[in-house]
>>> print(open('protein38.cif').read())   # mmCIF, C-alpha atoms
data_my_file
#
loop_
_atom_site.group_PDB
_atom_site.id
_atom_site.type_symbol
_atom_site.label_atom_id
_atom_site.label_comp_id
_atom_site.auth_asym_id
_atom_site.auth_seq_id
_atom_site.Cartn_x
_atom_site.Cartn_y
_atom_site.Cartn_z
ATOM 1 C CA MET V 1 -118.042 84.243 100.600
ATOM 2 C CA THR V 2 -115.813 85.635 97.898
ATOM 3 C CA ALA V 3 -116.683 85.750 94.216
ATOM 4 C CA ASN V 4 -114.440 82.733 93.529
ATOM 5 C CA SER V 5 -116.042 80.577 96.219
ATOM 6 C CA LYS V 6 -119.512 81.469 94.888
ATOM 7 C CA GLN V 7 -118.515 80.087 91.470
ATOM 8 C CA ARG V 8 -117.359 76.807 93.025
ATOM 9 C CA GLU V 9 -120.527 76.346 95.069
ATOM 10 C CA ILE V 10 -122.180 73.017 94.347
ATOM 11 C CA LYS V 11 -125.652 72.096 95.508
ATOM 12 C CA LEU V 12 -127.305 68.725 95.752
ATOM 13 C CA LYS V 13 -131.070 68.712 96.411
ATOM 14 C CA ASP V 14 -130.892 72.388 97.442
ATOM 15 C CA GLU V 15 -128.160 71.666 99.988
ATOM 16 C CA GLU V 16 -124.724 73.194 99.543
ATOM 17 C CA LEU V 17 -121.897 70.664 99.566
ATOM 18 C CA GLU V 18 -118.928 71.375 101.790
ATOM 19 C CA ASP V 19 -115.644 72.258 100.095
ATOM 20 C CA VAL V 20 -112.918 70.045 101.611
ATOM 21 C CA GLN V 21 -109.173 69.750 101.058
ATOM 22 C CA SER V 22 -109.147 65.934 101.142
ATOM 23 C CA PHE V 23 -111.469 62.955 101.521
ATOM 24 C CA THR V 24 -111.294 59.180 101.412
ATOM 25 C CA TYR V 25 -112.911 57.386 98.488
ATOM 26 C CA LEU V 26 -112.766 53.603 98.158
ATOM 27 C CA GLY V 27 -109.835 53.504 100.562
ATOM 28 C CA SER V 28 -107.776 56.122 98.703
ATOM 29 C CA ILE V 29 -107.135 59.623 99.972
ATOM 30 C CA VAL V 30 -108.087 62.217 97.356
ATOM 31 C CA THR V 31 -106.701 65.731 97.819
ATOM 32 C CA SER V 32 -107.737 69.014 96.228
ATOM 33 C CA ASP V 33 -104.283 69.458 94.677
ATOM 34 C CA GLY V 34 -104.476 66.042 92.988
ATOM 35 C CA GLY V 35 -101.323 64.799 94.720
ATOM 36 C CA ALA V 36 -100.888 61.255 95.945
ATOM 37 C CA ASP V 37 -98.439 61.782 98.824
ATOM 38 C CA GLU V 38 -101.056 61.451 101.568
ATOM 39 C CA ASP V 39 -102.500 58.361 99.916
ATOM 40 C CA VAL V 40 -99.029 56.802 99.641
ATOM 41 C CA LYS V 41 -98.299 57.466 103.323
ATOM 42 C CA SER V 42 -101.645 55.944 104.232
ATOM 43 C CA ARG V 43 -101.093 52.879 102.016
ATOM 44 C CA ILE V 44 -97.605 52.275 103.397
ATOM 45 C CA GLY V 45 -98.977 52.627 106.938
ATOM 46 C CA LYS V 46 -101.740 50.094 106.231
ATOM 47 C CA ALA V 47 -99.282 47.720 104.545
ATOM 48 C CA ARG V 48 -96.849 48.090 107.476
ATOM 49 C CA GLN V 49 -99.664 47.246 109.869
ATOM 50 C CA ALA V 50 -100.583 44.173 107.799
ATOM 51 C CA PHE V 51 -96.919 43.143 107.714
ATOM 52 C CA ASN V 52 -96.436 43.593 111.460
ATOM 53 C CA THR V 53 -99.652 41.714 112.207
ATOM 54 C CA SER V 54 -98.132 38.680 110.488
ATOM 55 C CA ARG V 55 -94.858 38.879 112.411
ATOM 56 C CA SER V 56 -95.322 35.331 113.748
ATOM 57 C CA VAL V 57 -95.534 34.073 110.162
ATOM 58 C CA TRP V 58 -92.291 35.804 109.115
ATOM 59 C CA ASN V 59 -90.470 34.465 112.188
ATOM 60 C CA SER V 60 -91.793 30.921 111.853
ATOM 61 C CA THR V 61 -89.332 28.206 110.883
ATOM 62 C CA SER V 62 -92.091 25.737 110.027
ATOM 63 C CA ILE V 63 -93.480 27.850 107.159
ATOM 64 C CA SER V 64 -91.570 27.759 103.871
ATOM 65 C CA THR V 65 -90.204 30.929 102.314
ATOM 66 C CA LYS V 66 -92.420 30.313 99.285
ATOM 67 C CA SER V 67 -95.534 30.289 101.505
ATOM 68 C CA LYS V 68 -94.356 33.388 103.354
ATOM 69 C CA LEU V 69 -93.926 35.217 100.051
ATOM 70 C CA ARG V 70 -97.423 34.198 98.938
ATOM 71 C CA ILE V 71 -98.829 35.505 102.231
ATOM 72 C CA PHE V 72 -96.822 38.720 101.763
ATOM 73 C CA THR V 73 -98.212 39.168 98.251
ATOM 74 C CA THR V 74 -101.826 38.609 99.246
ATOM 75 C CA ASN V 75 -101.861 40.392 102.619
ATOM 76 C CA VAL V 76 -99.343 43.194 102.253
ATOM 77 C CA LYS V 77 -98.705 43.936 98.586
ATOM 78 C CA SER V 78 -102.405 43.925 97.757
ATOM 79 C CA VAL V 79 -102.859 46.832 100.199
ATOM 80 C CA LEU V 80 -99.740 48.624 99.013
ATOM 81 C CA LEU V 81 -100.304 48.482 95.260
ATOM 82 C CA GLN V 82 -103.754 50.050 95.016
ATOM 83 C CA ILE V 83 -102.186 53.293 93.839
ATOM 84 C CA TRP V 84 -102.864 54.567 90.338
ATOM 85 C CA ARG V 85 -100.951 57.826 90.136
ATOM 86 C CA VAL V 86 -97.331 56.779 90.425
ATOM 87 C CA THR V 87 -94.369 59.129 90.123
ATOM 88 C CA ARG V 88 -90.723 58.166 90.458
ATOM 89 C CA SER V 89 -90.616 59.349 94.067
ATOM 90 C CA ILE V 90 -93.772 57.385 94.944
ATOM 91 C CA SER V 91 -92.410 54.305 93.203
ATOM 92 C CA LYS V 92 -89.167 54.667 95.164
ATOM 93 C CA LYS V 93 -91.023 54.900 98.498
ATOM 94 C CA LEU V 94 -93.071 51.794 97.688
ATOM 95 C CA GLN V 95 -89.947 49.973 96.527
ATOM 96 C CA ILE V 96 -88.019 50.785 99.710
ATOM 97 C CA PHE V 97 -90.866 49.518 101.887
ATOM 98 C CA THR V 98 -91.059 46.317 99.829
ATOM 99 C CA TYR V 99 -87.277 45.808 100.064
ATOM 100 C CA GLN V 100 -87.425 46.125 103.846
ATOM 101 C CA CYS V 101 -90.234 43.584 104.112
ATOM 102 C CA LEU V 102 -88.619 41.064 101.770
ATOM 103 C CA ARG V 103 -85.294 41.300 103.591
ATOM 104 C CA ARG V 104 -87.048 40.541 106.882
ATOM 105 C CA ILE V 105 -88.910 37.599 105.336
ATOM 106 C CA ILE V 106 -85.735 35.983 104.007
ATOM 107 C CA LYS V 107 -83.823 37.021 107.144
ATOM 108 C CA ILE V 108 -81.281 39.416 105.665
ATOM 109 C CA TYR V 109 -80.374 41.777 108.498
ATOM 110 C CA TRP V 110 -77.888 44.599 108.771
ATOM 111 C CA PRO V 111 -74.887 44.521 108.349
ATOM 112 C CA GLU V 112 -75.398 41.632 105.920
ATOM 113 C CA LYS V 113 -76.062 43.003 102.463
ATOM 114 C CA ILE V 114 -77.360 41.702 99.167
ATOM 115 C CA SER V 115 -78.119 43.669 96.028
ATOM 116 C CA ASP V 116 -81.655 44.499 95.047
ATOM 117 C CA ARG V 117 -81.309 42.247 91.997
ATOM 118 C CA GLU V 118 -80.244 39.373 94.226
ATOM 119 C CA LEU V 119 -83.217 40.074 96.504
ATOM 120 C CA TRP V 120 -85.593 39.906 93.521
ATOM 121 C CA ALA V 121 -83.929 36.719 92.290
ATOM 122 C CA ARG V 122 -84.177 35.002 95.688
ATOM 123 C CA THR V 123 -87.794 35.994 96.240
ATOM 124 C CA LYS V 124 -88.928 35.718 92.605
ATOM 125 C CA GLN V 125 -90.704 39.065 92.938
ATOM 126 C CA ASP V 126 -91.127 41.807 90.346
ATOM 127 C CA CYS V 127 -90.184 45.410 91.025
ATOM 128 C CA ILE V 128 -92.966 47.765 92.073
ATOM 129 C CA PRO V 129 -93.407 49.657 88.753
ATOM 130 C CA VAL V 130 -93.887 46.323 86.963
ATOM 131 C CA GLU V 131 -96.392 45.157 89.598
ATOM 132 C CA ILE V 132 -98.400 48.396 89.357
ATOM 133 C CA ALA V 133 -98.404 48.274 85.553
ATOM 134 C CA ARG V 134 -99.683 44.688 85.718
ATOM 135 C CA CYS V 135 -102.506 45.767 88.074
ATOM 136 C CA LYS V 136 -103.457 48.610 85.739
ATOM 137 C CA TRP V 137 -103.501 46.366 82.662
ATOM 138 C CA ASN V 138 -105.573 43.761 84.514
ATOM 139 C CA TRP V 139 -108.112 46.459 85.390
ATOM 140 C CA ILE V 140 -108.154 47.782 81.819
ATOM 141 C CA GLY V 141 -108.747 44.248 80.499
ATOM 142 C CA HIS V 142 -111.463 43.659 83.076
ATOM 143 C CA THR V 143 -113.347 46.847 82.216
ATOM 144 C CA SER V 144 -112.895 46.492 78.439
ATOM 145 C CA ARG V 145 -114.703 43.120 78.503
ATOM 146 C CA LYS V 146 -117.781 44.693 80.085
ATOM 147 C CA PRO V 147 -120.752 45.754 77.956
ATOM 148 C CA THR V 148 -120.429 49.234 76.459
ATOM 149 C CA SER V 149 -123.477 50.319 78.459
ATOM 150 C CA ASP V 150 -121.669 49.633 81.770
ATOM 151 C CA THR V 151 -120.719 52.833 83.616
ATOM 152 C CA THR V 152 -117.173 51.587 84.310
ATOM 153 C CA ARG V 153 -116.484 51.721 80.567
ATOM 154 C CA LEU V 154 -117.254 55.422 80.320
#
>>> encode(input="protein38.cif", output="structure tokens")
Amino acid sequence: MTANSKQREIKLKDEELEDVQSFTYLGSIVTSDGGADEDVKSRIGKARQAFNTSRSVWNSTSISTKSKLRIFTTNVKSVLLQIWRVTRSISKKLQIFTYQCLRRIIKIYWPEKISDRELWARTKQDCIPVEIARCKWNWIGHTSRKPTSDTTRL
């Protein structure tokens, strides 16, 4: 061990804890550099899997578009939007994935094109930065109503 690694050594009940580059905590990937790229890739992968699992719903003609969008919001977006550190590039990646899903739900396929604004208008969805901000404010409101002795308020 070098002098630097000795300083970073952490023990719990006389047992040295392993120094790792990344770990999963509450479904989010935490990295030693503090970046969110791995977590974003993981979230998009999980959301893609949730979206593809519901393929029969998206292709169904007996389910209304409104119901499909509600299913998309609860089953796909809820997985996708559990990201707290959002940069412009992360927001763009999340937005692109959401655009692709919404276009499939309302059956807009290449080479047919509509603008992103038209897509939002047709689906009555908010853009990703607005959705994430709403989630953050909901969490802040939730925790601020807790007693001051609650550990989530610290």
>>> residues_around(input="protein38.cif", residues="stretch 35-50 of chain V", least_positions_apart="3", cutoff="7 Å", atoms="all atoms listed in the file", output="CSV table (one decimal) with C-alpha atoms, in the coordinates of the input")
chain,number,residue,atom,x,y,z
V,28,SER,CA,-107.8,56.1,98.7
V,29,ILE,CA,-107.1,59.6,100.0
V,31,THR,CA,-106.7,65.7,97.8
V,53,THR,CA,-99.7,41.7,112.2
V,54,SER,CA,-98.1,38.7,110.5
V,75,ASN,CA,-101.9,40.4,102.6
V,76,VAL,CA,-99.3,43.2,102.3
V,79,VAL,CA,-102.9,46.8,100.2
V,80,LEU,CA,-99.7,48.6,99.0
V,85,ARG,CA,-101.0,57.8,90.1
>>> resolve_selection(input="protein38.cif", expression="the PyMOL selection byres ((chain V and resi 131) around 12)", output="PyMOL selection string")
chain V and resi 73+77-78+80-84+86+91+94-95+98+125-130+132-138
>>> closest_residue(input="protein38.cif", among="V:Arg70, V:Tyr99, V:Glu18, V:Arg104", to="V:Asp116", atoms="all atoms listed in the file")
V:Tyr99
>>> atom_distance(input="protein38.cif", atom1="atom CA of V:Ser62", atom2="atom CA of V:Lys113")
24.7 Å
>>> atom_distance(input="protein38.cif", atom1="atom CA of V:Asn52", atom2="atom CA of V:Leu102")
12.7 Å
>>> closest_residue(input="protein38.cif", among="V:Arg103, V:Trp139, V:Ile71, V:Phe23", to="V:Ser115", atoms="all atoms listed in the file")
V:Arg103
>>> decode(input="protein38.cif", residues="stretch 16-142 of chain V", atoms="C-alpha atoms", output="PDB file, in the first residue's frame")
ATOM      1  CA  GLU V  16     -11.061  -2.752   6.158  1.00  0.00           C
ATOM      2  CA  LEU V  17     -13.598  -1.731   3.527  1.00  0.00           C
ATOM      3  CA  GLU V  18     -12.731  -2.390  -0.090  1.00  0.00           C
ATOM      4  CA  ASP V  19     -12.001   0.620  -2.290  1.00  0.00           C
ATOM      5  CA  VAL V  20     -14.103   0.279  -5.466  1.00  0.00           C
ATOM      6  CA  GLN V  21     -14.461   2.377  -8.611  1.00  0.00           C
ATOM      7  CA  SER V  22     -18.259   2.035  -8.781  1.00  0.00           C
ATOM      8  CA  PHE V  23     -21.187   0.472  -6.939  1.00  0.00           C
ATOM      9  CA  THR V  24     -24.960   0.371  -7.159  1.00  0.00           C
ATOM     10  CA  TYR V  25     -26.968   2.166  -4.490  1.00  0.00           C
ATOM     11  CA  LEU V  26     -30.766   2.249  -4.587  1.00  0.00           C
ATOM     12  CA  GLY V  27     -30.692   1.352  -8.271  1.00  0.00           C
ATOM     13  CA  SER V  28     -28.239   4.106  -9.246  1.00  0.00           C
ATOM     14  CA  ILE V  29     -24.652   3.498 -10.272  1.00  0.00           C
ATOM     15  CA  VAL V  30     -22.266   5.625  -8.207  1.00  0.00           C
ATOM     16  CA  THR V  31     -18.734   6.066  -9.555  1.00  0.00           C
ATOM     17  CA  SER V  32     -15.581   7.285  -7.837  1.00  0.00           C
ATOM     18  CA  ASP V  33     -15.278  10.208 -10.266  1.00  0.00           C
ATOM     19  CA  GLY V  34     -18.814  11.392  -9.461  1.00  0.00           C
ATOM     20  CA  GLY V  35     -19.935  11.113 -13.088  1.00  0.00           C
ATOM     21  CA  ALA V  36     -23.374   9.943 -14.113  1.00  0.00           C
ATOM     22  CA  ASP V  37     -22.638   8.456 -17.550  1.00  0.00           C
ATOM     23  CA  GLU V  38     -22.739   4.833 -16.387  1.00  0.00           C
ATOM     24  CA  ASP V  39     -25.941   5.466 -14.461  1.00  0.00           C
ATOM     25  CA  VAL V  40     -27.536   7.104 -17.515  1.00  0.00           C
ATOM     26  CA  LYS V  41     -26.589   4.162 -19.746  1.00  0.00           C
ATOM     27  CA  SER V  42     -28.018   1.784 -17.168  1.00  0.00           C
ATOM     28  CA  ARG V  43     -31.249   3.790 -16.797  1.00  0.00           C
ATOM     29  CA  ILE V  44     -31.763   4.018 -20.554  1.00  0.00           C
ATOM     30  CA  GLY V  45     -31.127   0.268 -20.840  1.00  0.00           C
ATOM     31  CA  LYS V  46     -33.693  -0.479 -18.117  1.00  0.00           C
ATOM     32  CA  ALA V  47     -36.204   1.928 -19.672  1.00  0.00           C
ATOM     33  CA  ARG V  48     -35.620   0.377 -23.122  1.00  0.00           C
ATOM     34  CA  GLN V  49     -36.258  -3.054 -21.644  1.00  0.00           C
ATOM     35  CA  ALA V  50     -39.479  -1.817 -20.010  1.00  0.00           C
ATOM     36  CA  PHE V  51     -40.533  -0.227 -23.305  1.00  0.00           C
ATOM     37  CA  ASN V  52     -39.794  -3.351 -25.347  1.00  0.00           C
ATOM     38  CA  THR V  53     -41.591  -5.552 -22.826  1.00  0.00           C
ATOM     39  CA  SER V  54     -44.758  -3.570 -23.540  1.00  0.00           C
ATOM     40  CA  ARG V  55     -44.428  -3.863 -27.317  1.00  0.00           C
ATOM     41  CA  SER V  56     -47.857  -5.524 -27.580  1.00  0.00           C
ATOM     42  CA  VAL V  57     -49.391  -2.486 -25.874  1.00  0.00           C
ATOM     43  CA  TRP V  58     -47.765  -0.015 -28.294  1.00  0.00           C
ATOM     44  CA  ASN V  59     -48.869  -2.083 -31.303  1.00  0.00           C
ATOM     45  CA  SER V  60     -52.421  -2.613 -30.068  1.00  0.00           C
ATOM     46  CA  THR V  61     -55.216  -0.873 -31.946  1.00  0.00           C
ATOM     47  CA  SER V  62     -57.730  -1.481 -29.161  1.00  0.00           C
ATOM     48  CA  ILE V  63     -55.840   0.648 -26.608  1.00  0.00           C
ATOM     49  CA  SER V  64     -56.198   4.422 -26.909  1.00  0.00           C
ATOM     50  CA  THR V  65     -53.168   6.644 -27.375  1.00  0.00           C
ATOM     51  CA  LYS V  66     -54.006   8.359 -24.086  1.00  0.00           C
ATOM     52  CA  SER V  67     -53.840   5.014 -22.240  1.00  0.00           C
ATOM     53  CA  LYS V  68     -50.612   4.089 -24.012  1.00  0.00           C
ATOM     54  CA  LEU V  69     -49.049   7.376 -22.918  1.00  0.00           C
ATOM     55  CA  ARG V  70     -50.134   6.786 -19.314  1.00  0.00           C
ATOM     56  CA  ILE V  71     -48.565   3.314 -19.434  1.00  0.00           C
ATOM     57  CA  PHE V  72     -45.408   4.838 -20.946  1.00  0.00           C
ATOM     58  CA  THR V  73     -45.228   7.423 -18.162  1.00  0.00           C
ATOM     59  CA  THR V  74     -45.688   4.922 -15.351  1.00  0.00           C
ATOM     60  CA  ASN V  75     -43.647   2.006 -16.728  1.00  0.00           C
ATOM     61  CA  VAL V  76     -40.896   3.631 -18.757  1.00  0.00           C
ATOM     62  CA  LYS V  77     -40.446   7.255 -17.724  1.00  0.00           C
ATOM     63  CA  SER V  78     -40.501   6.395 -14.031  1.00  0.00           C
ATOM     64  CA  VAL V  79     -37.410   4.217 -14.594  1.00  0.00           C
ATOM     65  CA  LEU V  80     -35.733   6.765 -16.841  1.00  0.00           C
ATOM     66  CA  LEU V  81     -36.166   9.881 -14.713  1.00  0.00           C
ATOM     67  CA  GLN V  82     -34.602   8.719 -11.452  1.00  0.00           C
ATOM     68  CA  ILE V  83     -31.470  10.692 -12.263  1.00  0.00           C
ATOM     69  CA  TRP V  84     -30.470  13.635 -10.100  1.00  0.00           C
ATOM     70  CA  ARG V  85     -27.248  14.883 -11.643  1.00  0.00           C
ATOM     71  CA  VAL V  86     -28.288  16.117 -15.060  1.00  0.00           C
ATOM     72  CA  THR V  87     -25.985  17.843 -17.530  1.00  0.00           C
ATOM     73  CA  ARG V  88     -26.939  19.052 -20.989  1.00  0.00           C
ATOM     74  CA  SER V  89     -25.478  15.943 -22.612  1.00  0.00           C
ATOM     75  CA  ILE V  90     -27.350  13.644 -20.204  1.00  0.00           C
ATOM     76  CA  SER V  91     -30.564  15.574 -20.769  1.00  0.00           C
ATOM     77  CA  LYS V  92     -30.068  15.245 -24.528  1.00  0.00           C
ATOM     78  CA  LYS V  93     -29.564  11.462 -24.291  1.00  0.00           C
ATOM     79  CA  LEU V  94     -32.713  11.077 -22.185  1.00  0.00           C
ATOM     80  CA  GLN V  95     -34.636  13.340 -24.551  1.00  0.00           C
ATOM     81  CA  ILE V  96     -33.588  11.376 -27.642  1.00  0.00           C
ATOM     82  CA  PHE V  97     -34.665   8.095 -26.055  1.00  0.00           C
ATOM     83  CA  THR V  98     -38.017   9.626 -25.083  1.00  0.00           C
ATOM     84  CA  TYR V  99     -38.526  11.018 -28.607  1.00  0.00           C
ATOM     85  CA  GLN V 100     -37.914   7.580 -30.101  1.00  0.00           C
ATOM     86  CA  CYS V 101     -40.411   5.937 -27.758  1.00  0.00           C
ATOM     87  CA  LEU V 102     -43.114   8.558 -28.274  1.00  0.00           C
ATOM     88  CA  ARG V 103     -42.755   8.381 -32.051  1.00  0.00           C
ATOM     89  CA  ARG V 104     -43.245   4.609 -31.916  1.00  0.00           C
ATOM     90  CA  ILE V 105     -46.289   4.976 -29.654  1.00  0.00           C
ATOM     91  CA  ILE V 106     -48.020   7.429 -31.988  1.00  0.00           C
ATOM     92  CA  LYS V 107     -46.751   5.515 -35.037  1.00  0.00           C
ATOM     93  CA  ILE V 108     -44.493   8.120 -36.619  1.00  0.00           C
ATOM     94  CA  TYR V 109     -41.922   6.140 -38.594  1.00  0.00           C
ATOM     95  CA  TRP V 110     -39.102   7.178 -40.870  1.00  0.00           C
ATOM     96  CA  PRO V 111     -39.228   8.853 -43.393  1.00  0.00           C
ATOM     97  CA  GLU V 112     -42.295  10.602 -41.967  1.00  0.00           C
ATOM     98  CA  LYS V 113     -41.196  13.520 -39.833  1.00  0.00           C
ATOM     99  CA  ILE V 114     -42.744  15.822 -37.275  1.00  0.00           C
ATOM    100  CA  SER V 115     -41.023  18.456 -35.177  1.00  0.00           C
ATOM    101  CA  ASP V 116     -40.254  17.865 -31.542  1.00  0.00           C
ATOM    102  CA  ARG V 117     -42.740  20.591 -30.600  1.00  0.00           C
ATOM    103  CA  GLU V 118     -45.436  18.840 -32.607  1.00  0.00           C
ATOM    104  CA  LEU V 119     -44.543  15.557 -30.893  1.00  0.00           C
ATOM    105  CA  TRP V 120     -44.930  17.194 -27.466  1.00  0.00           C
ATOM    106  CA  ALA V 121     -48.213  18.790 -28.526  1.00  0.00           C
ATOM    107  CA  ARG V 122     -49.658  15.505 -29.823  1.00  0.00           C
ATOM    108  CA  THR V 123     -48.606  13.514 -26.773  1.00  0.00           C
ATOM    109  CA  LYS V 124     -49.159  16.267 -24.187  1.00  0.00           C
ATOM    110  CA  GLN V 125     -45.787  15.442 -22.632  1.00  0.00           C
ATOM    111  CA  ASP V 126     -43.253  17.786 -21.051  1.00  0.00           C
ATOM    112  CA  CYS V 127     -39.614  17.847 -22.090  1.00  0.00           C
ATOM    113  CA  ILE V 128     -37.169  15.871 -19.968  1.00  0.00           C
ATOM    114  CA  PRO V 129     -35.540  18.800 -18.080  1.00  0.00           C
ATOM    115  CA  VAL V 130     -39.002  19.958 -16.969  1.00  0.00           C
ATOM    116  CA  GLU V 131     -39.944  16.420 -15.886  1.00  0.00           C
ATOM    117  CA  ILE V 132     -36.723  16.002 -13.878  1.00  0.00           C
ATOM    118  CA  ALA V 133     -37.142  19.409 -12.233  1.00  0.00           C
ATOM    119  CA  ARG V 134     -40.697  18.445 -11.256  1.00  0.00           C
ATOM    120  CA  CYS V 135     -39.422  15.183  -9.699  1.00  0.00           C
ATOM    121  CA  LYS V 136     -36.765  17.076  -7.749  1.00  0.00           C
ATOM    122  CA  TRP V 137     -39.243  19.657  -6.445  1.00  0.00           C
ATOM    123  CA  ASN V 138     -41.684  16.906  -5.454  1.00  0.00           C
ATOM    124  CA  TRP V 139     -38.912  15.215  -3.467  1.00  0.00           C
ATOM    125  CA  ILE V 140     -37.872  18.500  -1.845  1.00  0.00           C
ATOM    126  CA  GLY V 141     -41.495  19.172  -0.843  1.00  0.00           C
ATOM    127  CA  HIS V 142     -41.865  15.637   0.473  1.00  0.00           C
TER     128      HIS V 142
END
